[in-house]
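Undergrad: For reference, this is run04.txt, and it has compact mmCIF, C-alpha atoms and all ligand atoms.
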```
# COMPACT_ATOMS: atom_id res chain seq x y z
CA MET A 1 17.33 9.09 -23.02
CA THR A 2 15.24 12.20 -22.22
CA SER A 3 12.17 10.51 -20.73
CA ALA A 4 11.29 7.15 -19.17
CA VAL A 5 8.33 5.46 -17.47
CA GLY A 6 8.01 3.71 -14.10
CA VAL A 7 5.10 1.81 -12.57
CA GLY A 8 4.26 0.77 -8.99
CA PHE A 9 1.25 -1.30 -7.92
CA GLY A 10 -1.21 -0.60 -5.14
CA LYS A 11 -1.94 -3.40 -2.69
CA VAL A 12 -4.60 -4.86 -0.47
CA ILE A 13 -3.87 -6.73 2.76
CA LEU A 14 -6.24 -9.67 3.18
CA LEU A 15 -4.84 -10.65 6.58
CA GLY A 16 -2.03 -9.63 8.91
CA GLU A 17 -1.63 -5.83 8.93
CA HIS A 18 -0.01 -4.50 12.09
CA ALA A 19 0.89 -8.04 13.24
CA VAL A 20 3.36 -8.08 10.33
CA VAL A 21 5.28 -5.24 12.01
CA TYR A 22 5.89 -7.68 14.91
CA GLY A 23 7.15 -10.49 12.70
CA TYR A 24 3.90 -12.36 11.97
CA PRO A 25 3.15 -13.27 8.34
CA ALA A 26 0.66 -11.25 6.28
CA LEU A 27 -1.36 -12.37 3.26
CA ALA A 28 -1.62 -9.62 0.66
CA ALA A 29 -2.05 -9.00 -3.03
CA ALA A 30 -1.06 -6.26 -5.42
CA LEU A 31 -3.91 -4.44 -7.10
CA PRO A 32 -3.98 -4.31 -10.88
CA GLN A 33 -4.02 -0.51 -10.43
CA GLY A 34 -1.28 1.74 -9.11
CA VAL A 35 0.85 4.75 -10.01
CA THR A 36 2.54 5.40 -13.37
CA LEU A 37 5.14 8.14 -13.64
CA VAL A 38 7.02 9.59 -16.60
CA ALA A 39 10.40 11.07 -15.72
CA ALA A 40 11.63 13.74 -18.15
CA LEU A 41 14.90 15.63 -18.13
CA GLN A 42 14.35 19.37 -18.13
CA PRO A 43 17.24 20.59 -20.30
CA GLY A 44 18.67 23.94 -19.32
CA ASP A 45 17.09 23.84 -15.85
CA ARG A 46 20.04 23.10 -13.57
CA GLY A 47 19.30 22.52 -9.92
CA ALA A 48 20.92 25.39 -7.98
CA HIS A 49 22.12 23.01 -5.27
CA GLY A 50 22.17 19.67 -7.03
CA LEU A 51 19.25 17.62 -8.34
CA ARG A 52 15.87 19.35 -8.62
CA LEU A 53 12.80 17.10 -8.87
CA THR A 54 9.23 18.15 -9.55
CA LEU A 55 6.25 15.84 -9.22
CA GLU A 56 2.74 16.37 -10.57
CA LEU A 57 -0.05 13.87 -9.94
CA GLU A 58 -3.27 15.54 -10.87
CA SER A 59 -5.57 12.77 -9.58
CA TRP A 60 -4.12 13.25 -6.07
CA ARG A 61 -3.99 17.06 -6.51
CA LEU A 62 -0.30 16.74 -5.72
CA ALA A 63 2.33 19.14 -7.04
CA VAL A 64 5.73 19.27 -5.36
CA ASP A 65 9.01 20.92 -6.27
CA THR A 66 12.03 19.86 -4.23
CA ALA A 67 13.65 23.26 -4.81
CA ALA A 68 10.62 25.31 -3.71
CA LEU A 69 9.35 22.97 -0.96
CA PRO A 70 12.40 21.07 0.33
CA GLU A 71 10.72 20.23 3.66
CA HIS A 72 7.61 18.69 2.08
CA PRO A 73 7.55 14.94 2.89
CA VAL A 74 7.13 14.08 -0.80
CA SER A 75 10.20 16.25 -1.64
CA GLN A 76 12.18 14.49 1.05
CA ALA A 77 11.01 11.07 -0.13
CA LEU A 78 11.91 11.82 -3.76
CA CYS A 79 15.37 13.04 -2.75
CA ALA A 80 15.86 9.94 -0.57
CA ILE A 81 14.89 7.70 -3.51
CA ALA A 82 17.29 9.46 -5.88
CA ALA A 83 20.12 9.36 -3.32
CA GLU A 84 19.58 5.63 -2.69
CA LEU A 85 19.67 4.93 -6.44
CA VAL A 86 22.97 6.78 -6.82
CA LYS A 87 24.34 4.95 -3.77
CA GLY A 88 23.38 1.64 -5.40
CA TRP A 89 25.36 2.67 -8.48
CA GLY A 90 28.44 3.12 -6.31
CA GLY A 91 28.16 6.92 -6.54
CA ASP A 92 28.49 6.75 -10.35
CA ALA A 93 26.46 9.90 -11.15
CA PRO A 94 23.57 9.43 -13.59
CA SER A 95 22.79 11.86 -16.41
CA TRP A 96 20.16 13.65 -14.31
CA SER A 97 22.34 14.24 -11.30
CA GLY A 98 22.82 17.98 -10.75
CA GLY A 99 20.04 18.71 -13.25
CA ALA A 100 16.28 18.90 -13.14
CA VAL A 101 13.77 16.09 -13.67
CA ARG A 102 10.00 16.43 -13.99
CA LEU A 103 7.95 13.45 -12.81
CA HIS A 104 4.34 13.42 -13.88
CA GLY A 105 1.74 10.76 -14.39
CA THR A 106 -1.43 9.12 -13.18
CA ALA A 107 -2.63 7.36 -10.05
CA GLU A 108 -5.48 4.86 -10.21
CA ILE A 109 -5.70 4.22 -6.46
CA TRP A 110 -6.95 6.50 -3.71
CA PRO A 111 -4.17 8.24 -1.76
CA SER A 112 -3.78 7.70 2.01
CA ALA A 113 -6.43 4.99 2.02
CA GLY A 114 -4.56 1.85 3.09
CA LEU A 115 -3.97 0.71 -0.50
CA GLY A 116 -0.22 1.26 -0.54
CA SER A 117 -0.34 4.58 -2.40
CA SER A 118 2.95 5.93 -1.07
CA ALA A 119 4.80 2.69 -1.87
CA ALA A 120 3.29 2.66 -5.38
CA LEU A 121 4.47 6.25 -5.84
CA ALA A 122 7.95 5.47 -4.48
CA VAL A 123 8.36 2.40 -6.70
CA ALA A 124 7.13 4.26 -9.79
CA ALA A 125 9.57 7.12 -9.06
CA ALA A 126 12.49 4.74 -8.48
CA ARG A 127 11.79 2.85 -11.70
CA ALA A 128 11.29 6.01 -13.76
CA LEU A 129 14.50 7.63 -12.45
CA GLY A 130 16.44 4.40 -12.96
CA ALA A 131 15.21 4.05 -16.53
CA LEU A 132 15.93 7.73 -17.22
CA ALA A 133 19.52 7.06 -16.15
CA GLY A 134 19.62 4.14 -18.60
CA ARG A 135 20.38 1.70 -15.77
CA ALA A 136 18.77 -1.72 -15.46
CA LEU A 137 17.26 -1.97 -11.97
CA ASP A 138 16.47 -5.38 -10.55
CA ASP A 139 13.62 -5.72 -8.03
CA ALA A 140 16.03 -5.59 -5.07
CA ALA A 141 17.42 -2.24 -6.24
CA VAL A 142 13.88 -0.88 -6.78
CA ARG A 143 12.88 -2.02 -3.28
CA ALA A 144 15.97 -0.45 -1.71
CA ALA A 145 15.35 2.92 -3.38
CA ALA A 146 11.58 2.93 -2.77
CA SER A 147 12.06 1.88 0.87
CA ALA A 148 14.23 4.96 1.43
CA GLY A 149 11.21 7.02 0.34
CA GLU A 150 8.76 4.98 2.43
CA ARG A 151 10.86 5.55 5.54
CA VAL A 152 10.31 9.28 5.10
CA PHE A 153 6.53 8.72 5.05
CA HIS A 154 6.15 5.93 7.61
CA GLY A 155 9.20 5.67 9.85
CA GLN A 156 9.98 1.96 9.95
CA PRO A 157 7.51 0.20 7.63
CA SER A 158 7.54 -3.60 7.47
CA GLY A 159 8.37 -3.49 3.75
CA LEU A 160 5.18 -5.28 2.69
CA ASP A 161 3.80 -2.37 0.66
CA VAL A 162 7.05 -1.82 -1.25
CA ALA A 163 7.47 -5.56 -1.90
CA LEU A 164 4.04 -5.82 -3.54
CA ALA A 165 4.28 -2.45 -5.29
CA THR A 166 7.47 -3.77 -6.92
CA SER A 167 6.59 -7.36 -7.78
CA GLY A 168 2.83 -7.35 -8.27
CA GLY A 169 1.02 -10.66 -7.72
CA ALA A 170 0.08 -12.05 -4.34
CA GLY A 171 2.00 -13.60 -1.52
CA VAL A 172 2.87 -14.12 2.10
CA PHE A 173 5.11 -11.42 3.50
CA GLU A 174 7.29 -11.67 6.57
CA ARG A 175 9.52 -8.92 7.86
CA GLN A 176 12.53 -11.23 7.96
CA GLY A 177 12.05 -13.30 4.83
CA GLY A 178 10.28 -10.80 2.54
CA LEU A 179 7.59 -11.76 0.05
CA VAL A 180 7.00 -15.38 -0.95
CA PRO A 181 4.64 -15.54 -3.94
CA LEU A 182 1.41 -17.47 -3.30
CA PRO A 183 -1.20 -18.00 -5.99
CA LEU A 184 -4.64 -17.02 -4.72
CA PRO A 185 -7.82 -18.81 -5.70
CA ARG A 186 -10.06 -16.63 -7.84
CA LEU A 187 -11.92 -14.26 -5.55
CA GLY A 188 -13.76 -10.98 -5.66
CA LEU A 189 -13.24 -7.99 -3.40
CA VAL A 190 -15.37 -4.95 -2.94
CA ILE A 191 -13.27 -2.06 -1.67
CA GLY A 192 -14.91 0.91 0.00
CA HIS A 193 -13.33 4.15 1.15
CA SER A 194 -14.50 5.24 4.59
CA GLY A 195 -13.99 8.84 3.53
CA ALA A 196 -11.42 9.52 6.24
CA PRO A 197 -7.70 9.74 5.44
CA ARG A 198 -5.31 8.04 7.82
CA SER A 199 -1.71 8.04 8.88
CA THR A 200 0.10 4.72 8.86
CA ALA A 201 2.77 6.03 11.22
CA ALA A 202 0.13 7.18 13.75
CA MET A 203 -1.70 3.84 13.65
CA VAL A 204 1.53 1.84 13.98
CA ALA A 205 2.41 4.04 16.98
CA ARG A 206 -1.05 3.42 18.49
CA VAL A 207 -0.60 -0.35 18.26
CA ALA A 208 2.88 -0.07 19.79
CA GLU A 209 1.39 1.89 22.67
CA ARG A 210 -1.58 -0.47 23.20
CA THR A 211 0.60 -3.59 23.10
CA ALA A 212 3.60 -2.00 24.83
CA GLY A 213 5.50 -3.34 21.79
CA ASP A 214 5.01 -6.91 23.05
CA ARG A 215 4.87 -9.42 20.20
CA ASP A 216 3.07 -11.83 22.55
CA ASP A 217 0.16 -9.44 23.12
CA VAL A 218 -2.96 -11.60 22.85
CA ARG A 219 -4.47 -9.46 20.07
CA LEU A 220 -1.32 -9.73 17.94
CA ARG A 221 -1.22 -13.49 18.55
CA GLU A 222 -4.88 -13.76 17.53
CA LEU A 223 -4.12 -11.78 14.38
CA GLY A 224 -1.29 -14.20 13.65
CA GLN A 225 -3.65 -17.14 14.13
CA ALA A 226 -6.29 -15.58 11.86
CA THR A 227 -3.63 -15.27 9.15
CA ALA A 228 -2.62 -18.91 9.66
CA ARG A 229 -6.27 -19.99 9.26
CA GLY A 230 -6.54 -17.78 6.17
CA LEU A 231 -3.47 -19.41 4.63
CA SER A 232 -4.96 -22.88 5.20
CA ALA A 233 -8.19 -21.62 3.62
CA VAL A 234 -6.29 -20.36 0.57
CA ALA A 235 -4.51 -23.72 0.24
CA ALA A 236 -7.90 -25.48 0.42
CA ARG A 237 -9.51 -22.88 -1.89
CA ASP A 238 -12.11 -22.41 0.83
CA LEU A 239 -13.39 -18.84 0.44
CA PRO A 240 -15.93 -19.01 3.32
CA ALA A 241 -13.09 -20.01 5.70
CA LEU A 242 -10.95 -17.15 4.33
CA GLY A 243 -13.87 -14.79 4.96
CA ALA A 244 -14.26 -16.06 8.54
CA ALA A 245 -10.55 -15.40 9.16
CA MET A 246 -11.00 -11.86 7.81
CA ASP A 247 -13.95 -11.26 10.17
CA ALA A 248 -11.86 -12.46 13.11
CA ALA A 249 -8.93 -10.26 12.07
CA HIS A 250 -11.17 -7.20 11.93
CA GLY A 251 -12.29 -7.89 15.50
CA GLN A 252 -8.70 -7.98 16.72
CA LEU A 253 -7.77 -4.84 14.77
CA ALA A 254 -10.74 -3.09 16.39
CA ALA A 255 -9.58 -4.33 19.80
CA LEU A 256 -6.18 -2.76 19.05
CA GLY A 257 -7.91 0.57 18.44
CA VAL A 258 -7.23 0.96 14.70
CA SER A 259 -10.80 0.60 13.45
CA THR A 260 -13.35 3.42 13.41
CA ASP A 261 -17.13 3.47 13.81
CA ARG A 262 -17.45 3.96 10.06
CA LEU A 263 -15.16 1.00 9.24
CA ASP A 264 -17.06 -1.21 11.73
CA GLU A 265 -20.34 -0.12 10.15
CA MET A 266 -19.02 -0.83 6.64
CA CYS A 267 -17.99 -4.36 7.68
CA ALA A 268 -21.40 -4.98 9.33
CA LEU A 269 -23.23 -3.71 6.22
CA ALA A 270 -21.13 -5.92 3.94
CA ARG A 271 -21.72 -9.01 6.07
CA GLY A 272 -25.45 -8.17 6.22
CA ALA A 273 -25.52 -8.01 2.42
CA GLY A 274 -23.95 -11.49 2.23
CA ALA A 275 -20.18 -10.92 2.05
CA LEU A 276 -18.09 -13.98 2.98
CA GLY A 277 -16.05 -11.74 5.28
CA ALA A 278 -15.13 -8.10 5.75
CA LYS A 279 -12.39 -6.13 7.46
CA LEU A 280 -10.46 -2.91 7.37
CA THR A 281 -7.36 -3.12 5.19
CA GLY A 282 -4.02 -1.39 5.74
CA ALA A 283 -3.23 0.66 8.79
CA GLY A 284 -6.83 1.59 9.67
CA GLY A 285 -7.93 4.72 11.52
CA GLY A 286 -9.77 5.58 8.29
CA GLY A 287 -8.94 4.44 4.78
CA CYS A 288 -10.60 1.38 3.28
CA ALA A 289 -12.62 -1.69 4.17
CA ILE A 290 -12.71 -4.78 1.98
CA ALA A 291 -15.47 -7.35 1.56
CA LEU A 292 -14.81 -10.84 0.19
CA VAL A 293 -17.21 -12.30 -2.40
CA PRO A 294 -17.03 -15.37 -4.64
CA PRO A 295 -15.59 -14.72 -8.12
CA GLY A 296 -18.18 -13.49 -10.59
CA ALA A 297 -20.75 -12.81 -7.84
CA SER A 298 -21.70 -9.51 -9.39
CA ALA A 299 -25.18 -9.24 -7.79
CA LEU A 300 -23.68 -9.72 -4.32
CA ALA A 301 -20.85 -7.27 -5.04
CA ALA A 302 -23.40 -4.75 -6.34
CA ALA A 303 -25.48 -5.13 -3.15
CA ILE A 304 -22.42 -4.41 -0.98
CA GLU A 305 -21.50 -1.44 -3.13
CA ALA A 306 -25.06 -0.13 -2.90
CA ALA A 307 -25.06 -0.44 0.91
CA TRP A 308 -21.82 1.55 1.11
CA GLN A 309 -22.78 4.07 -1.57
CA LEU A 310 -26.02 4.82 0.31
CA ARG A 311 -23.70 6.11 3.06
CA GLY A 312 -22.06 8.35 0.44
CA LEU A 313 -18.90 6.22 0.18
CA ASP A 314 -16.73 5.55 -2.88
CA THR A 315 -16.43 1.92 -3.89
CA ARG A 316 -14.73 -0.25 -6.45
CA ARG A 317 -14.51 -3.93 -7.29
CA VAL A 318 -11.51 -6.09 -8.12
CA GLU A 319 -11.10 -9.74 -9.01
CA LEU A 320 -7.88 -11.38 -7.85
CA GLY A 321 -6.32 -14.82 -8.19
CA ALA A 322 -5.92 -17.22 -11.04
CA GLY A 323 -8.27 -20.08 -10.30
C1 LIG B 401 0.42 -0.79 6.12
O1 LIG B 401 0.00 -1.03 4.78
C2 LIG B 401 0.43 -2.04 6.91
C3 LIG B 401 0.95 -1.95 8.34
O2 LIG B 401 1.08 -3.31 8.78
C4 LIG B 401 2.27 -1.23 8.47
C5 LIG B 401 3.45 -1.97 7.83
O3 LIG B 401 3.34 -3.14 7.49
O4 LIG B 401 4.49 -1.31 7.71
C6 LIG B 401 -0.05 -1.26 9.25
```
Once more with this new file: its structure as structure tokens, please.
Ligand code: MEV

TA:
Amino acid sequence: MTSAVGVGFGKVILLGEHAVVYGYPALAAALPQGVTLVAALQPGDRGAHGLRLTLELESWRLAVDTAALPEHPVSQALCAIAAELVKGWGGDAPSWSGGAVRLHGTAEIWPSAGLGSSAALAVAAARALGALAGRALDDAAVRAAASAGERVFHGQPSGLDVALATSGGAGVFERQGGLVPLPLPRLGLVIGHSGAPRSTAAMVARVAERTAGDRDDVRLRELGQATARGLSAVAARDLPALGAAMDAAHGQLAALGVSTDRLDEMCALARGAGALGAKLTGAGGGGCAIALVPPGASALAAAIEAAWQLRGLDTRRVELGAG
């Protein structure tokens, strides 16, 4: 095989970011969009010191060559992913080992925006490299390889982003037990980009500092309770109650110092326009806010988008859940 394709999904956290790092459950869903990569062997181009990987993602204006920029975090992540794959094969070297592979493709989610872009990239790379080697990778092997890349980007991530980027769908994620699929009721989300990039590692470090790493910190406990109320709301297919839990979660995330004035304003505008609930999603400190609307409520979704777009912000809509 001389070329192969891999896909990883983006994700949106409805409830439980940051608290999930401390062992609380999070409710999250994969986005229909993500990252698609084609891996192609570059015949004749032998890596001078082992495997050479290049990555081009035009929509993120990202071009990396592990030989030219070995210290670049994306280079290090790609090398970590490849090394973890080979480790999983018991050191049995794949066809591309010691050669050169070009990864190129498309990304349909914003980078560094709280939508799991790095996990989607890592999963797409792991799948594409695995397929290029002609090896069947189960989800556990994809998660192991992609997590090696995510650790380069984020230190010690909970694993939520990689789990959803791999499996798609929706579910409840816990650090110990992983992702348990949970069908969502049909719902609409408006997603808006605050315009500011953010660093997951910096925001996770801020929460650790504010809580002194104490799982029993009142704000983390409140986040855990908001998630529990949200899960009951999902079971009862009660979207207003889910929205109320999202509003409460945003308040606790703000109290932990991971919201911004712009994210607070976006949530207030969305609620003012009639959203059932609104919150930041992902690590915060920038990135995206989400607003919950009933399925098919296109006039309401359009009003929220208009309120955000008037502030010059990018928006998009998604419908999740199966009814
Ligand atoms: C990042 O998408 C969500 C955080 O909870 C970090 C993590 O789960 O690793 C902030």

Undergrad: Which one of A:Pro25, A:Gly192, A:Pro32, A:Pro295 sits closest to Gln176 (chain A) if you count only C-alpha atoms?

TA: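 Nearest candidate to Gln176 (chain A) out of A:Pro25, A:Gly192, A:Pro32, A:Pro295: A:Pro25.
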
Undergrad: I'd like the neighbourhood of His154 (chain A) as a count of residues only, where a residue qualifies if any of its atoms comes within 8 Å (using all atoms listed in the file), though same-chain residues fewer than 3 positions away should be ignored.

TA: 5

Undergrad: So which residues are near ligand LIG 401 (chain B), meaning at most 8 Å away with all atoms listed in the file counted, given back as a PyMOL selection string?

TA: chain A and resi 12-13+16-21+114-116+154+156-161+200-201+203-204+281-284

Undergrad: Can you work out which one of A:Val190, A:Val218, A:Ala122, A:Leu223 has the shortest atom-to-atom distance to Gln309 (chain A), counting all atoms listed in the file?

TA: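 Ranking A:Val190, A:Val218, A:Ala122, A:Leu223 by distance to Gln309 (chain A), first place goes to A:Val190.
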
Undergrad: Would you compute the distance between CA of Val180 (chain A) and CA of Thr211 (chain A)? Give it in Å to one decimal.

TA: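 Those two atoms sit 27.5 Å apart.
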
Undergrad: Have a look at A:Pro181, A:Glu58, A:Ala39, A:Glu222 and name the one nearest to Gly134 (chain A); count all atoms listed in the file.

TA: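 Among A:Pro181, A:Glu58, A:Ala39, A:Glu222, it is A:Ala39 that comes nearest to Gly134 (chain A).
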
Undergrad: So, with only C-alpha atoms as the atoms that count, which of A:Gly287, A:Gly243, A:Ala302, A:Val172 lies closest to Gly23 (chain A)?

TA: A:Val172

Undergrad: Using only C-alpha atoms and a cutoff of 10 Å, can you tell me which residues are near (-11.5, -14.9, 6.2) in the file's coordinates, and write them out as a PyMOL selection string?

TA: chain A and resi 14-15+226-227+229-231+233-234+238-250+276-279+291-292

Undergrad: Using only C-alpha atoms, find all polymer residues with an atom at most 12 Å away from the point (-0.2, 19.4, -7.6); report them as a list of chain:residue names.

TA: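 Residues satisfying the cut-off, written out: A:Thr54, A:Leu55, A:Glu56, A:Leu57, A:Glu58, A:Ser59, A:Trp60, A:Arg61, A:Leu62, A:Ala63, A:Val64, A:Asp65, A:Val74, A:Leu103, A:His104, A:Gly105, A:Thr106.
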
Undergrad: Kindly indicate which residue among A:Leu256, A:Ala235, A:Ala205, A:Ala299 lies nearest to Gly274 (chain A), using only C-alpha atoms for the distances.

TA: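 Of A:Leu256, A:Ala235, A:Ala205, A:Ala299, the one nearest Gly274 (chain A) is A:Ala299, counting only C-alpha atoms.
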
Undergrad: Nearest to Ile109 (chain A): which of A:His193, A:Arg311, A:Arg210, A:Arg271 is it, counting all atoms listed in the file?

TA: A:His193

Undergrad: Distance CA of Tyr22 (chain A)-CA of Leu179 (chain A), one decimal place?

TA: 15.5 Å
